[in-house]
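Here's the structure, in structure tokens; my notes come after.
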Amino acid sequence: MPAGTLYRGREGMWSWVAHRVTGVVIFFFLFVHVLDTALVRVSPEAYDEVVATYKNPIVALMEYGLVASVLFHALNGLRVIAVDFWSKGPRYQKQMLWTVVGIWVVLMAGAMYPVLGHAVEQLFGK
């Protein structure tokens with residue numbers, strides 16, 4: 001590791017990076033969502049065309065990624081709050097991160113069929 005490197009590549013750094021990346025993903029989703037929803041006032045037909053383009057398997061994967069981003073950002077945000085406001089938080093921050101990751105993996109596995117089920121049926125049939 002180069003001398004003077006501030007970050008060591010440990011769990012805390014990666015959770016910091018993931019928290020920022022998921023925040024940016026959520027921001028861009030909200031930006032696009034506001035824009036496509038605003039189309040309904042301009043041209044309902046254009047809005048219908050845009051919404052129709054969302055009904056494909058690639059967008060379903062993007063929706064799953066959005067669910068993953070929102071869920072991780074929320075769970076990690078609760079961990080950050082605990083680290084900041086609980087007197088023992090800094091001592092247990094690594095264990096809390098792995099707990100967040102475990103809960104996130106379980107919930108993402110549970111979200112797979114509801115989010116991706118339609119795309120799988122569209123690609124492979126019932």
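Ordered as shown in the structure tokens, chains take letters A, B, and onward, while each chain numbers its residues from 1 and ligands are numbered from 1 in the order shown.
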
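The neighbours of Leu66 in chain A here are the residues that come within 12 Å of it, using only C-alpha atoms and leaving out any residue fewer than 6 positions away in the same chain; they are Val21, Thr22, Gly23, Val24, Val25, Ile26, Phe27, Phe28, Phe29, Leu30, Val59, Ala60, Phe72, His73, Met108, Ala111 and Val115 of chain A.
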
Written selection (N, CA and C atoms) as a PDB file, in the first residue's frame:
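Listed below is the output, part_18.pdb:
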ATOM      1  N   VAL A  21     -22.451   5.364  -3.943  1.00  0.00           N
ATOM      2  CA  VAL A  21     -22.866   4.873  -5.265  1.00  0.00           C
ATOM      3  C   VAL A  21     -24.368   4.607  -5.282  1.00  0.00           C
ATOM      4  N   THR A  22     -24.883   3.956  -4.253  1.00  0.00           N
ATOM      5  CA  THR A  22     -26.319   3.688  -4.229  1.00  0.00           C
ATOM      6  C   THR A  22     -27.116   4.986  -4.124  1.00  0.00           C
ATOM      7  N   GLY A  23     -26.587   5.967  -3.429  1.00  0.00           N
ATOM      8  CA  GLY A  23     -27.257   7.270  -3.363  1.00  0.00           C
ATOM      9  C   GLY A  23     -27.344   7.927  -4.727  1.00  0.00           C
ATOM     10  N   VAL A  24     -26.275   7.832  -5.518  1.00  0.00           N
ATOM     11  CA  VAL A  24     -26.275   8.406  -6.867  1.00  0.00           C
ATOM     12  C   VAL A  24     -27.250   7.649  -7.768  1.00  0.00           C
ATOM     13  N   VAL A  25     -27.281   6.329  -7.661  1.00  0.00           N
ATOM     14  CA  VAL A  25     -28.225   5.526  -8.453  1.00  0.00           C
ATOM     15  C   VAL A  25     -29.663   5.942  -8.134  1.00  0.00           C
ATOM     16  N   ILE A  26     -29.969   6.092  -6.866  1.00  0.00           N
ATOM     17  CA  ILE A  26     -31.318   6.497  -6.458  1.00  0.00           C
ATOM     18  C   ILE A  26     -31.639   7.890  -6.974  1.00  0.00           C
ATOM     19  N   PHE A  27     -30.675   8.806  -6.899  1.00  0.00           N
ATOM     20  CA  PHE A  27     -30.886  10.165  -7.400  1.00  0.00           C
ATOM     21  C   PHE A  27     -31.219  10.151  -8.891  1.00  0.00           C
ATOM     22  N   PHE A  28     -30.444   9.407  -9.686  1.00  0.00           N
ATOM     23  CA  PHE A  28     -30.701   9.382 -11.129  1.00  0.00           C
ATOM     24  C   PHE A  28     -32.030   8.713 -11.453  1.00  0.00           C
ATOM     25  N   PHE A  29     -32.411   7.683 -10.692  1.00  0.00           N
ATOM     26  CA  PHE A  29     -33.732   7.097 -10.900  1.00  0.00           C
ATOM     27  C   PHE A  29     -34.815   8.142 -10.659  1.00  0.00           C
ATOM     28  N   LEU A  30     -34.712   8.860  -9.552  1.00  0.00           N
ATOM     29  CA  LEU A  30     -35.733   9.871  -9.241  1.00  0.00           C
ATOM     30  C   LEU A  30     -35.782  10.957 -10.316  1.00  0.00           C
ATOM     31  N   VAL A  59     -34.910  -3.675 -18.563  1.00  0.00           N
ATOM     32  CA  VAL A  59     -35.411  -2.723 -17.575  1.00  0.00           C
ATOM     33  C   VAL A  59     -35.765  -3.447 -16.279  1.00  0.00           C
ATOM     34  N   ALA A  60     -36.235  -4.683 -16.377  1.00  0.00           N
ATOM     35  CA  ALA A  60     -36.519  -5.459 -15.166  1.00  0.00           C
ATOM     36  C   ALA A  60     -35.237  -5.673 -14.359  1.00  0.00           C
ATOM     37  N   PHE A  72     -29.987  -1.476   0.169  1.00  0.00           N
ATOM     38  CA  PHE A  72     -28.675  -1.347   0.804  1.00  0.00           C
ATOM     39  C   PHE A  72     -28.502   0.043   1.402  1.00  0.00           C
ATOM     40  N   HIS A  73     -28.912   1.067   0.660  1.00  0.00           N
ATOM     41  CA  HIS A  73     -28.755   2.442   1.134  1.00  0.00           C
ATOM     42  C   HIS A  73     -29.530   2.645   2.444  1.00  0.00           C
ATOM     43  N   MET A 108     -32.851  -9.500  -0.765  1.00  0.00           N
ATOM     44  CA  MET A 108     -32.704  -9.466  -2.229  1.00  0.00           C
ATOM     45  C   MET A 108     -33.067 -10.807  -2.846  1.00  0.00           C
ATOM     46  N   ALA A 111     -36.709 -10.796  -3.024  1.00  0.00           N
ATOM     47  CA  ALA A 111     -37.244  -9.849  -4.010  1.00  0.00           C
ATOM     48  C   ALA A 111     -37.039 -10.325  -5.446  1.00  0.00           C
ATOM     49  N   VAL A 115     -39.726  -9.154  -8.525  1.00  0.00           N
ATOM     50  CA  VAL A 115     -39.209  -8.121  -9.433  1.00  0.00           C
ATOM     51  C   VAL A 115     -38.872  -8.697 -10.802  1.00  0.00           C
TER      52      VAL A 115
END

Need to verify the contact set: range 42-56 of chain A, 9 Å, only C-alpha atoms, exclusion of same-chain residues closer than 4 positions in sequence. Can you return it as a PyMOL selection string?
chain A and resi 36-38+60+119+122

Within 8 Å of range 76-78 of chain A, counting only C-alpha atoms, which residues show up once you throw out same-chain ones fewer than 4 positions away? Write them as a VMD selection string, please.
chain A and resid 15 19 72 82 97 100

Residues of the last selection are to be written out with N, CA and C atoms, as a PDB file, in the first residue's frame.
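That gives us selection.pdb:
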ATOM      1  N   SER A  15     -18.094   0.198   2.518  1.00  0.00           N
ATOM      2  CA  SER A  15     -19.480   0.567   2.824  1.00  0.00           C
ATOM      3  C   SER A  15     -19.699   2.047   2.520  1.00  0.00           C
ATOM      4  N   HIS A  19     -22.389   3.212  -0.184  1.00  0.00           N
ATOM      5  CA  HIS A  19     -23.444   4.124   0.246  1.00  0.00           C
ATOM      6  C   HIS A  19     -23.545   5.303  -0.725  1.00  0.00           C
ATOM      7  N   PHE A  72     -29.987  -1.476   0.169  1.00  0.00           N
ATOM      8  CA  PHE A  72     -28.675  -1.347   0.804  1.00  0.00           C
ATOM      9  C   PHE A  72     -28.502   0.043   1.402  1.00  0.00           C
ATOM     10  N   ALA A  82     -26.529   4.311  13.733  1.00  0.00           N
ATOM     11  CA  ALA A  82     -26.125   3.604  14.951  1.00  0.00           C
ATOM     12  C   ALA A  82     -24.668   3.905  15.301  1.00  0.00           C
ATOM     13  N   LEU A  97     -21.994  -3.929   9.905  1.00  0.00           N
ATOM     14  CA  LEU A  97     -21.938  -3.952   8.438  1.00  0.00           C
ATOM     15  C   LEU A  97     -22.225  -5.352   7.915  1.00  0.00           C
ATOM     16  N   VAL A 100     -25.836  -6.044   8.170  1.00  0.00           N
ATOM     17  CA  VAL A 100     -26.542  -5.344   7.085  1.00  0.00           C
ATOM     18  C   VAL A 100     -26.417  -6.132   5.791  1.00  0.00           C
TER      19      VAL A 100
END

Contacts of Ile103 in chain A at 12 Å or less, counting only C-alpha atoms, minus same-chain residues fewer than 6 places along, as a list of chain:residue names?
A:Ala68, A:Leu71, A:Phe72, A:Ala74, A:Leu75, A:Asn76, A:Met96, A:Leu97, A:Ala109, A:Gly110

Output file for the residues above (C-alpha atoms, as a PDB file, in the first residue's frame):
ATOM      1  CA  ALA A  68     -30.853  -3.490  -4.394  1.00  0.00           C
ATOM      2  CA  LEU A  71     -32.435  -1.529   0.212  1.00  0.00           C
ATOM      3  CA  PHE A  72     -28.675  -1.347   0.804  1.00  0.00           C
ATOM      4  CA  ALA A  74     -31.542   2.247   3.723  1.00  0.00           C
ATOM      5  CA  LEU A  75     -29.994  -0.551   5.767  1.00  0.00           C
ATOM      6  CA  ASN A  76     -26.523   0.976   5.667  1.00  0.00           C
ATOM      7  CA  MET A  96     -23.138  -4.219  12.042  1.00  0.00           C
ATOM      8  CA  LEU A  97     -21.938  -3.952   8.438  1.00  0.00           C
ATOM      9  CA  ALA A 109     -33.163 -13.200  -2.657  1.00  0.00           C
ATOM     10  CA  GLY A 110     -36.779 -12.752  -1.578  1.00  0.00           C
TER      11      GLY A 110
END

When you count only C-alpha atoms, which of these residues is closest to Tyr64 in chain A: A:Trp98, A:Phe124, A:Tyr113, A:Trp86?
A:Tyr113

List every residue of chain A that DSSP, applied to the backbone of this structure, places in helix (DSSP H, G or I), and write the result as an NGL selection string.
:A and (11-42 or 44-53 or 57-85 or 90-124)

Distance query Gln95 in chain A at most 12 Å, only C-alpha atoms, self and fewer than 3 positions along chain excluded, as a count of residues only
15

Work out how far CA of His33 in chain A is from CA of Trp14 in chain A, in Å to one decimal.
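According to the coordinates, CA of Trp14 in chain A and CA of His33 in chain A are separated by 28.2 Å.
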
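When only C-alpha atoms are used to measure the gap to Trp104 in chain A, the shortest distance among A:Val40, A:Val17, A:Val70, A:Met62 belongs to A:Val70.
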
Distance of CA of Val105 in chain A from CA of Leu123 in chain A, expressed in Å to one decimal place:
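Straight-line distance from CA of Leu123 in chain A to CA of Val105 in chain A works out to 25.0 Å.
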
Computed interatomic separation between CA of Val80 in chain A and CA of Lys94 in chain A (Å):
11.1 Å
